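What follows is the content of structure-v4.txt (compact mmCIF, C-alpha atoms).
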```
# COMPACT_ATOMS: atom_id res chain seq x y z
CA MET E 80 -21.73 -30.91 34.83
CA THR E 81 -22.25 -27.23 35.64
CA ILE E 82 -25.50 -25.32 35.22
CA LYS E 83 -25.39 -21.62 34.26
CA THR E 84 -28.53 -19.55 34.74
CA PHE E 85 -29.63 -16.30 33.15
CA LYS E 86 -32.73 -14.27 33.90
CA GLY E 87 -34.10 -10.88 33.13
CA LYS E 88 -36.95 -8.71 31.95
CA LEU E 89 -37.18 -7.75 28.29
CA PRO E 90 -39.30 -5.15 26.57
CA ILE E 91 -41.34 -6.70 23.75
CA GLY E 92 -39.30 -6.95 20.54
CA VAL E 93 -35.94 -6.16 22.16
CA GLN E 94 -33.12 -8.68 21.76
CA GLU E 95 -30.61 -9.54 24.47
CA LYS E 96 -27.20 -11.02 23.74
CA ILE E 97 -26.02 -13.64 26.22
CA HIS E 98 -22.24 -13.70 26.25
CA LEU E 99 -20.93 -17.28 26.24
CA SER E 100 -18.02 -17.33 23.79
CA THR E 101 -14.54 -17.95 25.14
CA ARG E 102 -11.13 -17.34 23.66
CA ASP E 103 -10.38 -21.03 23.05
CA GLY E 104 -13.96 -22.20 22.29
CA LEU E 105 -13.53 -25.30 24.46
CA THR E 106 -16.59 -24.58 26.62
CA GLY E 107 -19.89 -25.81 25.23
CA TYR E 108 -23.48 -25.28 26.31
CA ARG E 109 -26.82 -26.99 25.85
CA ILE E 110 -30.25 -25.62 26.84
CA LYS E 111 -31.71 -27.36 29.90
CA GLN E 112 -34.65 -25.07 30.61
CA PHE E 113 -36.23 -21.94 29.10
CA GLN E 114 -39.26 -20.22 30.61
CA VAL E 115 -41.12 -16.93 30.22
CA MET E 116 -43.58 -15.07 32.41
CA SER E 117 -45.45 -11.80 32.12
CA SER E 118 -44.17 -8.92 34.24
CA THR E 119 -47.83 -8.56 35.37
CA PRO E 120 -49.00 -12.17 35.70
CA GLY E 121 -52.77 -12.61 35.73
CA VAL E 122 -53.41 -8.92 35.06
CA GLY E 123 -52.95 -8.32 31.34
CA GLU E 124 -53.62 -10.54 28.37
CA VAL E 125 -50.41 -11.73 26.68
CA GLU E 126 -49.46 -14.15 23.91
CA TYR E 127 -45.68 -14.29 24.04
CA VAL E 128 -43.43 -15.88 21.49
CA ALA E 129 -39.92 -16.19 22.93
CA LYS E 130 -36.96 -17.44 20.91
CA ILE E 131 -33.27 -18.18 21.31
CA PHE E 132 -30.95 -18.02 18.29
CA THR E 133 -27.28 -18.70 17.64
CA THR E 134 -27.14 -15.58 15.44
CA ASP E 135 -28.03 -11.92 15.91
CA GLN E 136 -31.64 -11.33 14.85
CA THR E 137 -31.49 -7.53 14.56
CA GLY E 138 -33.98 -6.52 11.87
CA ASN E 139 -35.62 -9.96 11.91
CA ILE E 140 -37.52 -10.03 15.22
CA THR E 141 -40.93 -11.60 14.59
CA SER E 142 -43.59 -13.76 16.23
CA THR E 143 -43.33 -16.31 13.40
CA VAL E 144 -41.74 -19.63 14.38
CA ASP E 145 -39.83 -21.63 11.75
CA LEU E 146 -38.41 -24.81 13.25
CA SER E 147 -36.46 -25.48 10.05
CA ASP E 148 -34.27 -22.42 10.78
CA PRO E 149 -30.86 -23.91 11.70
CA ASP E 150 -30.06 -20.91 13.94
CA LEU E 151 -33.18 -21.36 16.11
CA LEU E 152 -32.32 -23.13 19.37
CA ALA E 153 -35.59 -22.68 21.28
CA ALA E 154 -39.12 -21.34 20.95
CA ILE E 155 -41.86 -20.81 23.52
CA TYR E 156 -45.49 -19.84 23.05
CA TYR E 157 -46.95 -18.56 26.32
CA GLN E 158 -50.51 -17.31 26.97
CA ASP E 159 -51.86 -15.63 30.07
CA GLN E 160 -55.18 -13.85 30.65
CA PRO E 161 -56.60 -12.02 33.64
CA ALA E 162 -59.68 -14.26 34.04
CA THR E 163 -59.14 -17.29 36.28
CA ALA E 164 -61.25 -19.29 33.83
CA TYR E 165 -58.31 -19.08 31.41
CA PRO E 166 -55.20 -20.40 33.15
CA ASP E 167 -51.83 -19.76 31.58
CA ALA E 168 -50.61 -22.17 28.90
CA THR E 169 -47.11 -22.80 27.59
CA THR E 170 -45.71 -24.69 24.62
CA MET E 171 -41.92 -25.15 24.62
CA ILE E 172 -39.61 -26.61 22.01
CA PHE E 173 -35.85 -26.56 22.29
CA ASP E 174 -33.01 -28.20 20.48
CA LYS E 175 -30.44 -30.38 22.26
CA GLU E 176 -27.71 -28.84 20.09
CA THR E 177 -24.39 -27.98 21.69
CA PHE E 178 -23.05 -24.49 21.02
CA ASN E 179 -19.99 -22.52 22.12
CA GLN E 180 -20.80 -18.99 20.93
CA ASP E 181 -22.99 -16.15 22.17
CA ILE E 182 -26.74 -16.62 21.87
CA PHE E 183 -29.56 -14.13 21.34
CA VAL E 184 -32.93 -14.06 23.15
CA TYR E 185 -36.02 -12.02 22.39
CA ILE E 186 -39.71 -12.03 23.20
CA THR E 187 -42.57 -10.73 21.06
CA ASP E 188 -46.33 -10.63 21.62
CA ALA E 189 -48.32 -12.27 18.83
CA THR E 190 -51.28 -9.95 19.49
CA GLY E 191 -49.19 -6.77 19.45
CA GLY E 192 -49.27 -6.31 23.23
CA THR E 193 -46.55 -4.33 24.99
CA ILE E 194 -46.41 -5.85 28.51
CA GLU E 195 -42.77 -6.64 29.28
CA ALA E 196 -41.79 -10.27 29.78
CA ASN E 197 -39.41 -12.09 32.10
CA PHE E 198 -37.26 -14.97 30.99
CA TYR E 199 -35.33 -17.67 32.79
CA LEU E 200 -32.71 -19.78 31.04
CA GLU E 201 -30.65 -22.72 32.30
CA LEU E 202 -27.69 -23.92 30.28
CA GLU E 203 -25.71 -27.09 30.87
CA GLN E 204 -22.01 -26.23 30.58
CA MET E 205 -19.52 -28.81 29.37
CA LYS E 206 -15.90 -29.10 28.29
CA LEU E 207 -15.36 -29.72 24.59
CA ASP E 208 -12.41 -31.43 22.98
CA LEU E 209 -10.63 -29.61 20.15
CA ASN E 210 -12.45 -31.55 17.40
CA ALA E 211 -15.92 -30.80 18.81
CA SER E 212 -15.01 -27.16 19.38
CA THR E 213 -13.73 -26.76 15.81
CA TYR E 214 -16.83 -28.42 14.33
CA ILE E 215 -19.23 -26.23 16.35
CA THR E 216 -17.30 -23.03 15.62
CA VAL E 217 -17.12 -23.69 11.87
CA LYS E 218 -20.84 -24.55 11.80
CA ASN E 219 -21.61 -21.27 13.58
CA ILE E 220 -19.41 -19.26 11.18
CA ARG E 221 -21.10 -20.84 8.15
CA SER E 222 -24.51 -19.98 9.58
CA ARG E 223 -23.52 -16.34 10.12
CA THR E 224 -22.16 -15.94 6.58
CA GLN E 225 -25.06 -17.55 4.68
CA VAL E 226 -27.26 -15.13 2.79
```
Any chance you could put this one into structure tokens?
Amino acid sequence: MTIKTFKGKLPIGVQEKIHLSTRDGLTGYRIKQFQVMSSTPGVGEVEYVAKIFTTDQTGNITSTVDLSDPDLLAAIYYQDQPATAYPDATTMIFDKETFNQDIFVYITDATGGTIEANFYLELEQMKLDLNASTYITVKNIRSRTQV
């Protein structure tokens, strides 16, 4: 088993594409860990909603979480406030689904704040057989073409 890590800082409401797709589709991934942190921890008040999707979310970036969305792989709700009486709090939910295509990450602030956020993502990388690869690829294509 190989672990791939990705990290970065995102402006609020800006999506980042994480390139994972391969020519043959025989490499699969599963989320191991997903975390967010304010770029100014303990200084500004934030209420982040971070999400990972299997499909491009351009034009649909919101703080609303819908766990019935088949394209949603992970969601985090993270709060941080400057007062030490209010320690940070995090709620994380992520799917154990295997995927072999690019994924899309974005972070919003439920209160309309604009403090940039950092993210850290660990993916477990695995080899897929042809049947698993075909199934995952077809599922991803169907998801992208549904209206």
May I have a table of the residues of segment 96-123 of chain E lying at most 7 Å from segment 182-206 of chain E, giving each one's closest pair of atoms and their distance in Å to one decimal, counting all atoms listed in the file, ordered by chain and ascending residue number, as a tab-separated table?
```
residue	atom	partner	partner_atom	distance
E:Lys96	CA	E:Phe183	CA	4.6
E:Ile97	CA	E:Ile182	CA	5.3
E:His98	CA	E:Ile182	CA	6.9
E:Leu105	CA	E:Lys206	CA	5.9
E:Thr106	CA	E:Lys206	CA	4.9
E:Gly107	CA	E:Met205	CA	5.1
E:Tyr108	CA	E:Gln204	CA	4.6
E:Arg109	CA	E:Glu203	CA	5.1
E:Ile110	CA	E:Leu202	CA	4.6
E:Lys111	CA	E:Leu202	CA	5.3
E:Gln112	CA	E:Glu201	CA	4.9
E:Phe113	CA	E:Leu200	CA	4.6
E:Gln114	CA	E:Tyr199	CA	5.2
E:Val115	CA	E:Phe198	CA	4.4
E:Met116	CA	E:Asn197	CA	5.1
E:Ser117	CA	E:Ala196	CA	4.6
E:Ser118	CA	E:Ala196	CA	5.2
```
Output file for the selection above: C-alpha atoms, as a compact mmCIF listing (two decimals), in the coordinates of the input:
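The new file again26.txt reads:
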```txt
# COMPACT_ATOMS: atom_id res chain seq x y z
CA LYS E 96 -27.20 -11.02 23.74
CA ILE E 97 -26.02 -13.64 26.22
CA HIS E 98 -22.24 -13.70 26.25
CA LEU E 105 -13.53 -25.30 24.46
CA THR E 106 -16.59 -24.58 26.62
CA GLY E 107 -19.89 -25.81 25.23
CA TYR E 108 -23.48 -25.28 26.31
CA ARG E 109 -26.82 -26.99 25.85
CA ILE E 110 -30.25 -25.62 26.84
CA LYS E 111 -31.71 -27.36 29.90
CA GLN E 112 -34.65 -25.07 30.61
CA PHE E 113 -36.23 -21.94 29.10
CA GLN E 114 -39.26 -20.22 30.61
CA VAL E 115 -41.12 -16.93 30.22
CA MET E 116 -43.58 -15.07 32.41
CA SER E 117 -45.45 -11.80 32.12
CA SER E 118 -44.17 -8.92 34.24
```
**OP:** To one decimal in Å, tell me the separation between atom CA of Thr141 of chain E and atom CA of Ile155 of chain E.
**Re:** 12.9 Å
Subject >> Which of E:Val93, E:Val125, E:Val144, E:Ala153 sits closest to Ala168 of chain E [using only C-alpha atoms] >> reply: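 Under the stated criterion, the closest residue is E:Val125.
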**OP:** In Å, rounded to a single decimal, give me how far atom CA of Ala162 of chain E is from atom CA of Ser142 of chain E.
**Re:**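 According to the coordinates, atom CA of Ser142 of chain E and atom CA of Ala162 of chain E are separated by 24.0 Å.
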